[in-house]
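Structure file coords-v5.txt; described as compact mmCIF, C-alpha atoms and all ligand atoms.
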# COMPACT_ATOMS: atom_id res chain seq x y z
CA VAL A 1 52.78 122.13 170.24
CA SER A 2 49.22 121.07 171.07
CA GLY A 3 47.89 123.92 168.93
CA LEU A 4 49.97 122.71 166.03
CA ALA A 5 48.85 119.12 166.54
CA GLU A 6 45.25 120.29 166.48
CA ARG A 7 45.74 122.15 163.23
CA VAL A 8 47.45 119.10 161.73
CA LEU A 9 44.37 117.04 162.62
CA GLU A 10 42.26 119.70 160.90
CA GLY A 11 44.37 119.13 157.79
CA CYS A 12 46.19 122.46 157.79
CA PRO A 13 48.98 122.14 155.18
CA VAL A 14 51.22 124.80 156.76
CA SER A 15 51.11 123.03 160.12
CA GLY A 16 51.64 119.62 158.49
CA GLY A 17 54.66 120.98 156.65
CA ARG A 18 56.07 122.46 159.84
CA LEU A 19 55.61 119.22 161.76
CA ILE A 20 57.42 117.25 159.05
CA ARG A 21 60.23 119.79 159.16
CA TRP A 22 60.56 119.42 162.94
CA LEU A 23 60.70 115.66 162.55
CA GLU A 24 63.33 115.91 159.83
CA ASP A 25 65.41 118.24 161.97
CA GLY A 26 65.12 116.02 165.03
CA ASP A 27 63.40 118.89 166.89
CA PRO A 28 61.88 117.35 170.07
CA ARG A 29 58.66 119.27 169.48
CA GLY A 30 58.16 117.01 166.44
CA ILE A 31 57.89 113.83 168.48
CA GLU A 32 55.77 115.61 171.06
CA ALA A 33 53.24 116.66 168.42
CA LEU A 34 53.38 113.24 166.74
CA ARG A 35 52.42 111.60 170.04
CA VAL A 36 49.34 113.78 170.18
CA VAL A 37 48.15 113.02 166.65
CA TYR A 38 49.20 109.35 166.61
CA PRO A 39 45.90 107.92 167.91
CA GLN A 40 44.15 109.49 164.91
CA THR A 41 46.39 107.75 162.37
CA GLY A 42 46.03 104.38 160.69
CA LYS A 43 43.28 105.29 158.25
CA SER A 44 45.13 106.05 155.01
CA HIS A 45 45.95 103.64 152.21
CA LEU A 46 49.73 103.78 151.88
CA ILE A 47 51.04 103.09 148.40
CA GLY A 48 54.78 102.96 147.74
CA LEU A 49 56.09 103.39 144.20
CA THR A 50 59.63 102.36 143.45
CA GLY A 51 61.72 101.84 140.34
CA ALA A 52 64.96 102.74 138.61
CA PRO A 53 66.02 106.41 138.29
CA GLY A 54 64.17 108.05 135.43
CA ALA A 55 61.59 105.24 135.08
CA GLY A 56 58.87 107.88 135.08
CA LYS A 57 57.76 107.51 138.71
CA SER A 58 57.07 111.21 139.26
CA THR A 59 55.19 111.49 135.97
CA LEU A 60 53.19 108.44 137.00
CA VAL A 61 52.50 109.86 140.46
CA ASP A 62 51.32 113.10 138.88
CA ALA A 63 48.82 111.20 136.71
CA PHE A 64 47.92 108.94 139.64
CA ILE A 65 47.06 111.99 141.76
CA ALA A 66 44.75 113.26 139.01
CA GLU A 67 43.01 109.88 138.79
CA LEU A 68 42.59 109.60 142.57
CA ARG A 69 41.17 113.14 142.67
CA ARG A 70 38.62 112.15 139.99
CA ARG A 71 37.65 109.30 142.32
CA GLY A 72 37.10 111.79 145.12
CA HIS A 73 40.12 110.94 147.27
CA ARG A 74 42.31 113.37 149.14
CA VAL A 75 45.91 112.57 148.27
CA GLY A 76 49.18 113.01 150.14
CA VAL A 77 52.48 112.51 148.36
CA ILE A 78 55.96 111.95 149.77
CA ALA A 79 58.74 111.98 147.21
CA VAL A 80 61.82 110.44 148.77
CA ASP A 81 65.26 111.10 147.39
CA PRO A 82 67.89 108.79 148.85
CA SER A 83 70.55 110.10 146.48
CA SER A 84 70.66 113.55 148.05
CA PRO A 85 72.63 115.56 149.08
CA PHE A 86 74.23 114.97 145.67
CA SER A 87 71.20 115.65 143.53
CA GLY A 88 68.64 118.30 144.10
CA GLY A 89 67.60 117.32 140.61
CA ALA A 90 65.10 114.60 141.40
CA ILE A 91 63.30 116.80 143.88
CA LEU A 92 63.19 119.65 141.44
CA GLY A 93 61.79 117.18 138.89
CA ASP A 94 59.05 116.18 141.31
CA ARG A 95 58.07 119.79 141.87
CA VAL A 96 57.88 120.51 138.18
CA ARG A 97 56.05 117.32 137.28
CA MET A 98 53.43 117.64 139.99
CA GLN A 99 53.08 121.41 139.67
CA ARG A 100 49.50 121.38 138.44
CA HIS A 101 48.32 119.93 141.79
CA ALA A 102 50.02 122.64 143.84
CA THR A 103 46.87 124.75 144.07
CA ASP A 104 44.54 121.81 144.82
CA ASP A 105 43.83 121.74 148.55
CA GLY A 106 42.94 118.06 148.32
CA VAL A 107 46.58 117.34 147.49
CA PHE A 108 49.68 117.68 149.67
CA ILE A 109 53.11 117.06 148.19
CA ARG A 110 56.31 116.88 150.21
CA SER A 111 59.82 116.04 149.03
CA MET A 112 62.30 114.58 151.47
CA ALA A 113 65.99 113.89 151.49
CA THR A 114 68.33 112.35 154.03
CA ARG A 115 70.57 114.65 155.95
CA GLY A 116 72.87 112.01 157.26
CA ARG A 117 70.63 111.65 160.26
CA MET A 118 70.70 108.39 162.15
CA GLY A 119 67.81 106.19 161.16
CA GLY A 120 67.89 108.11 157.93
CA LEU A 121 65.34 108.40 155.27
CA ALA A 122 63.19 105.40 156.08
CA ARG A 123 62.43 106.78 159.52
CA ALA A 124 61.80 110.31 158.30
CA SER A 125 59.48 108.96 155.60
CA PHE A 126 57.62 106.80 158.06
CA GLU A 127 57.06 109.80 160.30
CA ALA A 128 55.91 111.85 157.34
CA THR A 129 53.33 109.20 156.43
CA LEU A 130 51.98 109.47 159.98
CA VAL A 131 51.65 113.23 159.62
CA LEU A 132 49.82 112.96 156.29
CA ASP A 133 47.65 110.21 157.73
CA ALA A 134 46.76 112.48 160.66
CA MET A 135 45.95 115.26 158.20
CA GLY A 136 43.24 113.02 156.79
CA TYR A 137 44.54 112.06 153.36
CA ASP A 138 42.77 108.94 152.09
CA VAL A 139 45.65 107.79 149.97
CA ILE A 140 49.34 108.47 150.55
CA LEU A 141 51.75 107.88 147.68
CA VAL A 142 55.42 107.45 148.52
CA GLU A 143 57.83 107.71 145.58
CA THR A 144 61.34 106.31 146.07
CA VAL A 145 64.20 105.84 143.66
CA GLY A 146 65.04 102.19 143.30
CA VAL A 147 68.55 102.16 144.67
CA GLY A 148 70.03 100.58 147.74
CA GLN A 149 68.81 99.83 151.19
CA ASP A 150 66.67 102.91 151.69
CA GLU A 151 64.37 101.74 148.97
CA ILE A 152 63.80 98.33 150.51
CA GLU A 153 63.13 100.00 153.83
CA VAL A 154 60.66 102.36 152.28
CA VAL A 155 58.84 99.33 150.88
CA GLU A 156 58.23 98.27 154.50
CA LEU A 157 56.14 101.34 155.10
CA ALA A 158 53.54 100.73 152.39
CA HIS A 159 50.43 98.58 152.36
CA THR A 160 50.67 98.29 148.59
CA THR A 161 53.99 98.36 146.75
CA VAL A 162 54.08 99.34 143.08
CA VAL A 163 57.22 98.39 141.16
CA VAL A 164 57.82 100.51 138.07
CA SER A 165 59.88 99.04 135.22
CA VAL A 166 60.60 100.32 131.74
CA PRO A 167 61.51 98.57 128.48
CA GLY A 168 65.20 98.06 127.79
CA LEU A 169 68.07 98.84 130.14
CA GLY A 170 67.76 95.39 131.68
CA ASP A 171 65.68 96.90 134.45
CA ASP A 172 63.93 93.61 135.04
CA ILE A 173 67.31 92.09 135.89
CA GLN A 174 67.98 94.91 138.34
CA ALA A 175 64.59 94.31 139.88
CA ILE A 176 65.43 90.69 140.53
CA LYS A 177 68.80 91.57 141.99
CA ALA A 178 67.22 93.93 144.46
CA GLY A 179 64.73 91.28 145.48
CA ILE A 180 62.10 93.78 144.55
CA LEU A 181 60.14 91.24 142.56
CA GLU A 182 59.18 89.48 145.78
CA VAL A 183 57.85 92.59 147.45
CA GLY A 184 55.85 94.05 144.54
CA ASP A 185 52.06 93.93 144.78
CA VAL A 186 51.43 95.72 141.51
CA PHE A 187 53.85 95.85 138.57
CA VAL A 188 53.89 98.67 136.07
CA LEU A 189 55.63 98.66 132.74
CA ASN A 190 55.89 102.38 132.10
CA LYS A 191 57.07 103.96 128.86
CA SER A 192 55.30 101.17 127.04
CA ASP A 193 55.22 103.50 124.03
CA ARG A 194 58.92 102.69 123.72
CA PRO A 195 60.39 99.94 121.52
CA GLY A 196 60.89 96.65 123.33
CA ALA A 197 57.74 96.98 125.44
CA ASP A 198 56.34 93.62 124.31
CA ASP A 199 59.59 91.83 125.10
CA ALA A 200 59.81 93.49 128.48
CA GLU A 201 56.23 92.55 129.26
CA ARG A 202 56.80 88.91 128.30
CA HIS A 203 59.92 88.78 130.43
CA LEU A 204 58.24 90.35 133.44
CA ARG A 205 55.25 88.02 133.17
CA MET A 206 57.55 85.06 133.11
CA MET A 207 59.38 86.27 136.21
CA LEU A 208 56.08 86.87 137.99
CA HIS A 209 54.95 83.34 137.21
CA LEU A 210 58.08 82.04 138.88
CA ARG A 211 57.12 83.69 142.14
CA PRO A 212 56.07 81.13 144.68
CA ALA A 213 52.34 81.61 145.24
CA ALA A 214 50.38 80.28 148.19
CA GLU A 215 46.72 79.28 147.97
CA GLY A 216 44.44 82.31 147.78
CA ALA A 217 47.46 84.59 147.48
CA TRP A 218 47.28 87.90 145.66
CA MET A 219 48.41 87.60 142.06
CA PRO A 220 50.28 90.80 141.26
CA PRO A 221 48.93 92.32 138.05
CA LEU A 222 51.21 93.79 135.41
CA ILE A 223 49.94 97.04 133.95
CA ARG A 224 51.29 98.82 130.90
CA THR A 225 51.33 102.58 131.22
CA VAL A 226 52.39 105.65 129.31
CA ALA A 227 52.56 108.03 132.22
CA SER A 228 53.28 111.07 130.07
CA ARG A 229 49.92 110.51 128.30
CA GLU A 230 48.11 109.26 131.44
CA GLU A 231 47.47 105.92 129.74
CA GLY A 232 46.93 102.90 131.97
CA VAL A 233 46.73 105.05 135.07
CA ALA A 234 43.05 104.30 135.79
CA GLU A 235 43.98 100.59 135.70
CA LEU A 236 46.83 101.28 138.10
CA ALA A 237 44.49 103.06 140.53
CA SER A 238 42.00 100.18 140.29
CA ALA A 239 44.72 97.58 140.84
CA CYS A 240 45.91 99.35 143.99
CA ALA A 241 42.36 99.62 145.29
CA ALA A 242 41.80 95.93 144.50
CA HIS A 243 44.95 95.00 146.39
CA ARG A 244 43.76 96.87 149.46
CA GLN A 245 40.36 95.22 149.14
CA HIS A 246 42.06 91.83 148.92
CA LEU A 247 44.03 92.52 152.09
CA LEU A 248 40.83 93.61 153.83
CA GLU A 249 38.88 90.53 152.77
CA GLN A 250 41.66 88.20 153.83
CA GLY A 251 41.91 89.99 157.14
CA ARG A 252 45.46 90.82 156.23
CA LEU A 253 45.36 94.59 156.13
CA GLU A 254 45.57 94.65 159.90
CA ARG A 255 48.55 92.33 159.81
CA VAL A 256 50.35 94.43 157.24
CA ALA A 257 49.66 97.48 159.37
CA ALA A 258 50.82 95.65 162.49
CA ASP A 259 54.03 94.56 160.73
CA ARG A 260 54.60 98.17 159.80
CA ASN A 261 54.20 99.25 163.42
CA GLU A 262 56.55 96.52 164.57
CA HIS A 263 59.14 97.43 161.98
CA PHE A 264 59.07 101.07 163.01
CA PHE A 265 59.25 100.25 166.71
CA ARG A 266 62.31 98.03 166.14
CA GLU A 267 63.94 100.81 164.14
CA LEU A 268 63.34 103.29 166.92
CA VAL A 269 64.77 100.97 169.56
CA ARG A 270 67.78 100.20 167.41
CA ASP A 271 68.46 103.87 166.69
CA ARG A 272 68.16 104.87 170.32
CA ALA A 273 70.26 101.97 171.61
CA LEU A 274 72.97 102.76 169.11
CA GLU A 275 72.91 106.46 169.94
CA GLU A 276 73.19 105.76 173.65
CA VAL A 277 75.99 103.24 173.36
CA LEU A 278 77.93 105.48 171.03
CA ALA A 279 77.41 108.48 173.30
CA ALA A 280 78.55 106.48 176.33
CA ALA A 281 81.53 105.19 174.36
CA ALA A 282 82.49 108.66 173.21
CA ALA A 283 82.36 109.92 176.80
CA SER A 284 84.51 107.08 178.10
CA ARG A 285 88.30 107.10 178.27
CA ARG A 286 88.15 103.38 177.65
CA PHE A 287 87.07 104.06 174.09
CA ASP A 288 90.20 106.07 173.32
CA ASP A 289 92.42 103.42 174.87
CA LEU A 290 90.78 100.66 172.86
CA LEU A 291 90.80 102.74 169.71
CA ALA A 292 94.53 103.29 170.06
CA ALA A 293 95.00 99.57 170.67
CA VAL A 294 92.96 98.64 167.60
CA ARG A 295 94.88 101.08 165.40
CA ALA A 296 98.18 99.64 166.61
CA ARG A 297 96.90 96.04 166.23
CA ARG A 298 97.57 95.40 169.89
CA ILE A 299 94.05 93.98 170.07
CA ASP A 300 91.70 92.51 167.51
CA PRO A 301 88.60 94.61 166.82
CA TYR A 302 86.20 91.92 168.09
CA SER A 303 87.80 91.74 171.51
CA ALA A 304 87.98 95.51 171.58
CA ARG A 305 84.26 95.73 170.85
CA ASP A 306 83.45 93.26 173.61
CA ALA A 307 85.66 95.12 176.04
CA LEU A 308 84.04 98.43 175.14
CA LEU A 309 80.50 97.12 175.48
CA ALA A 310 81.39 95.45 178.75
CA ALA A 311 82.46 98.88 179.94
CA VAL A 312 79.76 101.14 178.51
CA GLY A 313 77.09 98.90 176.95
CA PRO A 314 73.71 98.01 178.42
CA HIS A 315 75.24 95.06 180.32
CA ALA A 316 78.15 96.99 181.77
CA THR A 317 78.54 95.90 185.36
CA ASP A 318 80.99 98.49 186.54
CA ALA A 319 82.14 101.69 184.96
CA ARG A 320 85.79 100.74 185.11
CA GLY A 321 85.24 97.86 182.68
CA GLU A 322 87.90 95.55 184.12
CA ARG A 323 86.60 92.69 181.99
CA GLY A 324 88.51 93.98 178.99
CA ALA A 325 90.23 91.41 176.83
CA GLU A 326 93.03 93.75 175.97
CA GLY A 327 96.51 92.37 176.55
N1 LIG B 401 58.25 108.06 126.37
C1 LIG B 401 57.85 108.16 127.63
N2 LIG B 401 58.49 109.01 128.46
C2 LIG B 401 58.08 109.08 129.73
C3 LIG B 401 56.99 108.32 130.21
N3 LIG B 401 56.81 108.60 131.52
C4 LIG B 401 57.76 109.50 131.85
N4 LIG B 401 58.52 109.81 130.78
C5 LIG B 401 59.67 110.74 130.74
O1 LIG B 401 60.75 110.16 131.47
C6 LIG B 401 61.53 111.19 132.09
C7 LIG B 401 61.73 110.89 133.55
O2 LIG B 401 60.50 111.00 134.19
P1 LIG B 401 60.32 111.16 135.77
O3 LIG B 401 58.87 111.11 136.04
O4 LIG B 401 61.07 112.33 136.28
O5 LIG B 401 61.05 109.85 136.26
P2 LIG B 401 61.39 109.43 137.77
O6 LIG B 401 61.34 107.95 137.80
O7 LIG B 401 60.50 110.15 138.72
O8 LIG B 401 62.85 109.94 137.93
P3 LIG B 401 63.72 110.06 139.29
O9 LIG B 401 62.79 110.53 140.38
O10 LIG B 401 64.78 111.06 138.96
O11 LIG B 401 64.25 108.70 139.54
C8 LIG B 401 60.81 112.48 131.83
O12 LIG B 401 61.43 113.13 130.76
C9 LIG B 401 59.40 112.04 131.47
O13 LIG B 401 58.74 112.95 130.64
C10 LIG B 401 56.32 107.43 129.30
O14 LIG B 401 55.39 106.71 129.63
N5 LIG B 401 56.81 107.41 128.03
MG MG B 402 61.00 111.30 140.46
What would you get if you wrote out this structure as structure tokens?
Amino acid sequence: VSGLAERVLEGCPVSGGRLIRWLEDGDPRGIEALRVVYPQTGKSHLIGLTGAPGAGKSTLVDAFIAELRRRGHRVGVIAVDPSSPFSGGAILGDRVRMQRHATDDGVFIRSMATRGRMGGLARASFEATLVLDAMGYDVILVETVGVGQDEIEVVELAHTTVVVSVPGLGDDIQAIKAGILEVGDVFVLNKSDRPGADDAERHLRMMLHLRPAAEGAWMPPLIRTVASREEGVAELASACAAHRQHLLEQGRLERVAADRNEHFFRELVRDRALEEVLAAAAASRRFDDLLAAVRARRIDPYSARDALLAAVGPHATDARGERGAEG
């Protein structure tokens, strides 16, 4: 494990890939190695890109990588696919679209999907960002499809969040619904070669003006791109760099990073507490009794929960759980 950790710190892609795999699989060696490399992390600029399925995120990331390489940065990419196991399609799309960087040793691309693991994708992605950070990538791009809770959680792991919209499809409405407008630091209108781009831009600008803005706050720019022709991508790279610079100057980068650490810590505690309570519950006869009672409506589920936690939860006083509300 310590040999692997060392090679990860040297930037070895094979070792980095193996470590991420261990973490995904819940292999205890993963956490062990992560502990070793952890002190060396915290240096990368983490940029999350999110947006509706098919908005052109992978195409944009591909062009973004090229731009960042021109600027001399080493780039790590994590493409997150919350919709799996149903679609291998998005991941395949990522591979194809970012293919040209596969032989560049300044670029590391990893696709991830949930495997129904507790803590799920957000946690696996967070761990993967730590690995890429330890490997010494200056910028880490995290692509997530804009659906559901996973996406919002993935937003928590970035310093800079890029929200990708496209003309038509009422995507801007979706964005508002998901509350994504509030968390975006940089807005991209991709596919701006498509009809309706001007309308979409006007609409987005209006929505952005409605955001409450504190004194000296960052004003999120809106950038038009045509990812498939690499247009607007230099502006996107500059906007992300400017956002990081803004955070630095305001002394806020540390706070964003600290928030990220706090968020992850809370997740870990919650996951572990849940696992332990559920394991204790599963091992207890009380659980089966209560379950039978709940199914038969002999007890309401709230009282059953309280009785179960009194018996097996962190505040259980005695293993027999006589405090039960049943009956
Ligand atoms: N016209 C036009 N097409 C684009 C543009 N950017 C991407 N596309 C096309 O849009 C399609 C989807 O692109 P992807 O990059 O796979 O989109 P995505 O958001 O990563 O998709 P998912 O990861 O599946 O959600 C592809 O056929 C791209 O070639 C653009 O700026 N203009
Ligand atoms: Mg994609």
| Nearby polymer residues, ligand LIG 401 (chain B), at most 7 Å, only C-alpha atoms and all ligand atoms, as number ranges by chain | A: 51-60, 90, 93-94, 97, 145, 190-194, 225-229
| said: Just the number, please: distance in Å from atom CA of A:Ala213 to atom CA of A:Phe126, one decimal. | reply: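 These two atoms are separated by 28.8 Å.
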| request: Figure out the distance between atom CA of A:Thr144 and atom CA of A:Cys12, please, to one decimal in Å. | output: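 Atom-to-atom, atom CA of A:Cys12 to atom CA of A:Thr144, that is 25.1 Å.
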| query | Residues around (48.3, 117.6, 147.1), cut-off 8 Å, counting all atoms listed in the file - what are they as a list in words? | reply |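 Returned residue set, sorted by chain then number, is Ile65, Arg74, Val75, Gly76, Val77, His101, Ala102, Thr103, Asp104, Asp105, Gly106, Val107, Phe108 and Ile109 of chain A.
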Centre and edge lengths, as AutoDock Vina command-line options, for the axis-aligned box enclosing every listed atom of stretch 121-138 of chain A with 5 Å of padding on each of the six sides, in Å to one decimal?
--center_x 54.1 --center_y 110.3 --center_z 156.4 --size_x 32.6 --size_y 19.9 --size_z 18.6
| query | Nearest to ligand MG 402 (chain B): which of A:Ile20, A:Gly72, A:Met135, A:Glu143 is it, counting all atoms listed in the file? | reply | A:Glu143
| remark: If you count all atoms listed in the file, the residue of A:Val61, A:Ile299, A:Val188, A:Leu290 closest to ligand MG 402 (chain B) turns out to be A:Val61
Please return stretch 2-13 of chain A, rebuilt to all heavy atoms, as an mmCIF file, in the coordinates of the input.
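selection_21.cif, freshly written:
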data_model
loop_
_atom_site.group_PDB
_atom_site.id
_atom_site.type_symbol
_atom_site.label_atom_id
_atom_site.label_comp_id
_atom_site.auth_asym_id
_atom_site.auth_seq_id
_atom_site.Cartn_x
_atom_site.Cartn_y
_atom_site.Cartn_z
ATOM 1 N N SER A 2 50.557 121.680 171.149
ATOM 2 C CA SER A 2 49.220 121.070 171.070
ATOM 3 C C SER A 2 48.356 121.822 170.061
ATOM 4 O O SER A 2 47.505 121.237 169.408
ATOM 5 C CB SER A 2 48.560 121.008 172.443
ATOM 6 O OG SER A 2 48.228 122.319 172.871
ATOM 7 N N GLY A 3 48.602 123.148 169.931
ATOM 8 C CA GLY A 3 47.890 123.920 168.930
ATOM 9 C C GLY A 3 48.243 123.451 167.528
ATOM 10 O O GLY A 3 47.374 123.277 166.664
ATOM 11 N N LEU A 4 49.524 123.185 167.335
ATOM 12 C CA LEU A 4 49.970 122.710 166.030
ATOM 13 C C LEU A 4 49.371 121.342 165.731
ATOM 14 O O LEU A 4 48.885 121.092 164.628
ATOM 15 C CB LEU A 4 51.505 122.642 165.987
ATOM 16 C CG LEU A 4 52.023 122.160 164.621
ATOM 17 C CD1 LEU A 4 52.675 123.286 163.851
ATOM 18 C CD2 LEU A 4 52.974 120.996 164.762
ATOM 19 N N ALA A 5 49.399 120.464 166.720
ATOM 20 C CA ALA A 5 48.850 119.120 166.540
ATOM 21 C C ALA A 5 47.373 119.205 166.142
ATOM 22 O O ALA A 5 46.913 118.492 165.250
ATOM 23 C CB ALA A 5 49.020 118.305 167.821
ATOM 24 N N GLU A 6 46.666 120.111 166.789
ATOM 25 C CA GLU A 6 45.250 120.290 166.480
ATOM 26 C C GLU A 6 45.047 120.716 165.035
ATOM 27 O O GLU A 6 44.183 120.201 164.330
ATOM 28 C CB GLU A 6 44.682 121.350 167.413
ATOM 29 C CG GLU A 6 43.283 121.095 167.920
ATOM 30 C CD GLU A 6 42.993 121.994 169.116
ATOM 31 O OE1 GLU A 6 43.341 121.606 170.257
ATOM 32 O OE2 GLU A 6 42.470 123.100 168.877
ATOM 33 N N ARG A 7 45.873 121.672 164.616
ATOM 34 C CA ARG A 7 45.740 122.150 163.230
ATOM 35 C C ARG A 7 46.133 121.071 162.231
ATOM 36 O O ARG A 7 45.567 120.987 161.141
ATOM 37 C CB ARG A 7 46.575 123.419 163.026
ATOM 38 C CG ARG A 7 45.959 124.640 163.719
ATOM 39 C CD ARG A 7 46.630 125.938 163.285
ATOM 40 N NE ARG A 7 48.037 125.986 163.652
ATOM 41 C CZ ARG A 7 48.488 126.298 164.872
ATOM 42 N NH1 ARG A 7 47.639 126.576 165.840
ATOM 43 N NH2 ARG A 7 49.778 126.318 165.117
ATOM 44 N N VAL A 8 47.100 120.222 162.601
ATOM 45 C CA VAL A 8 47.450 119.100 161.730
ATOM 46 C C VAL A 8 46.242 118.186 161.559
ATOM 47 O O VAL A 8 45.893 117.765 160.452
ATOM 48 C CB VAL A 8 48.661 118.308 162.295
ATOM 49 C CG1 VAL A 8 48.814 116.959 161.597
ATOM 50 C CG2 VAL A 8 49.945 119.122 162.141
ATOM 51 N N LEU A 9 45.556 117.910 162.667
ATOM 52 C CA LEU A 9 44.370 117.040 162.620
ATOM 53 C C LEU A 9 43.244 117.673 161.805
ATOM 54 O O LEU A 9 42.407 116.974 161.249
ATOM 55 C CB LEU A 9 43.890 116.706 164.031
ATOM 56 C CG LEU A 9 44.820 115.772 164.820
ATOM 57 C CD1 LEU A 9 44.354 115.640 166.264
ATOM 58 C CD2 LEU A 9 44.904 114.396 164.161
ATOM 59 N N GLU A 10 43.251 119.014 161.732
ATOM 60 C CA GLU A 10 42.260 119.700 160.900
ATOM 61 C C GLU A 10 42.687 119.706 159.434
ATOM 62 O O GLU A 10 41.945 120.170 158.576
ATOM 63 C CB GLU A 10 42.057 121.135 161.388
ATOM 64 C CG GLU A 10 41.249 121.214 162.674
ATOM 65 C CD GLU A 10 41.431 122.550 163.396
ATOM 66 O OE1 GLU A 10 42.079 123.463 162.826
ATOM 67 O OE2 GLU A 10 40.939 122.658 164.528
ATOM 68 N N GLY A 11 43.903 119.234 159.172
ATOM 69 C CA GLY A 11 44.370 119.130 157.790
ATOM 70 C C GLY A 11 45.101 120.362 157.292
ATOM 71 O O GLY A 11 45.297 120.514 156.082
ATOM 72 N N CYS A 12 45.507 121.229 158.196
ATOM 73 C CA CYS A 12 46.190 122.460 157.790
ATOM 74 C C CYS A 12 47.549 122.145 157.161
ATOM 75 O O CYS A 12 48.436 121.589 157.812
ATOM 76 C CB CYS A 12 46.373 123.375 158.996
ATOM 77 S SG CYS A 12 47.555 124.699 158.729
ATOM 78 N N PRO A 13 47.734 122.501 155.880
ATOM 79 C CA PRO A 13 48.980 122.140 155.180
ATOM 80 C C PRO A 13 50.223 122.836 155.752
ATOM 81 O O PRO A 13 51.298 122.240 155.787
ATOM 82 C CB PRO A 13 48.727 122.556 153.734
ATOM 83 C CG PRO A 13 47.462 123.319 153.709
ATOM 84 C CD PRO A 13 46.757 123.154 155.007
#
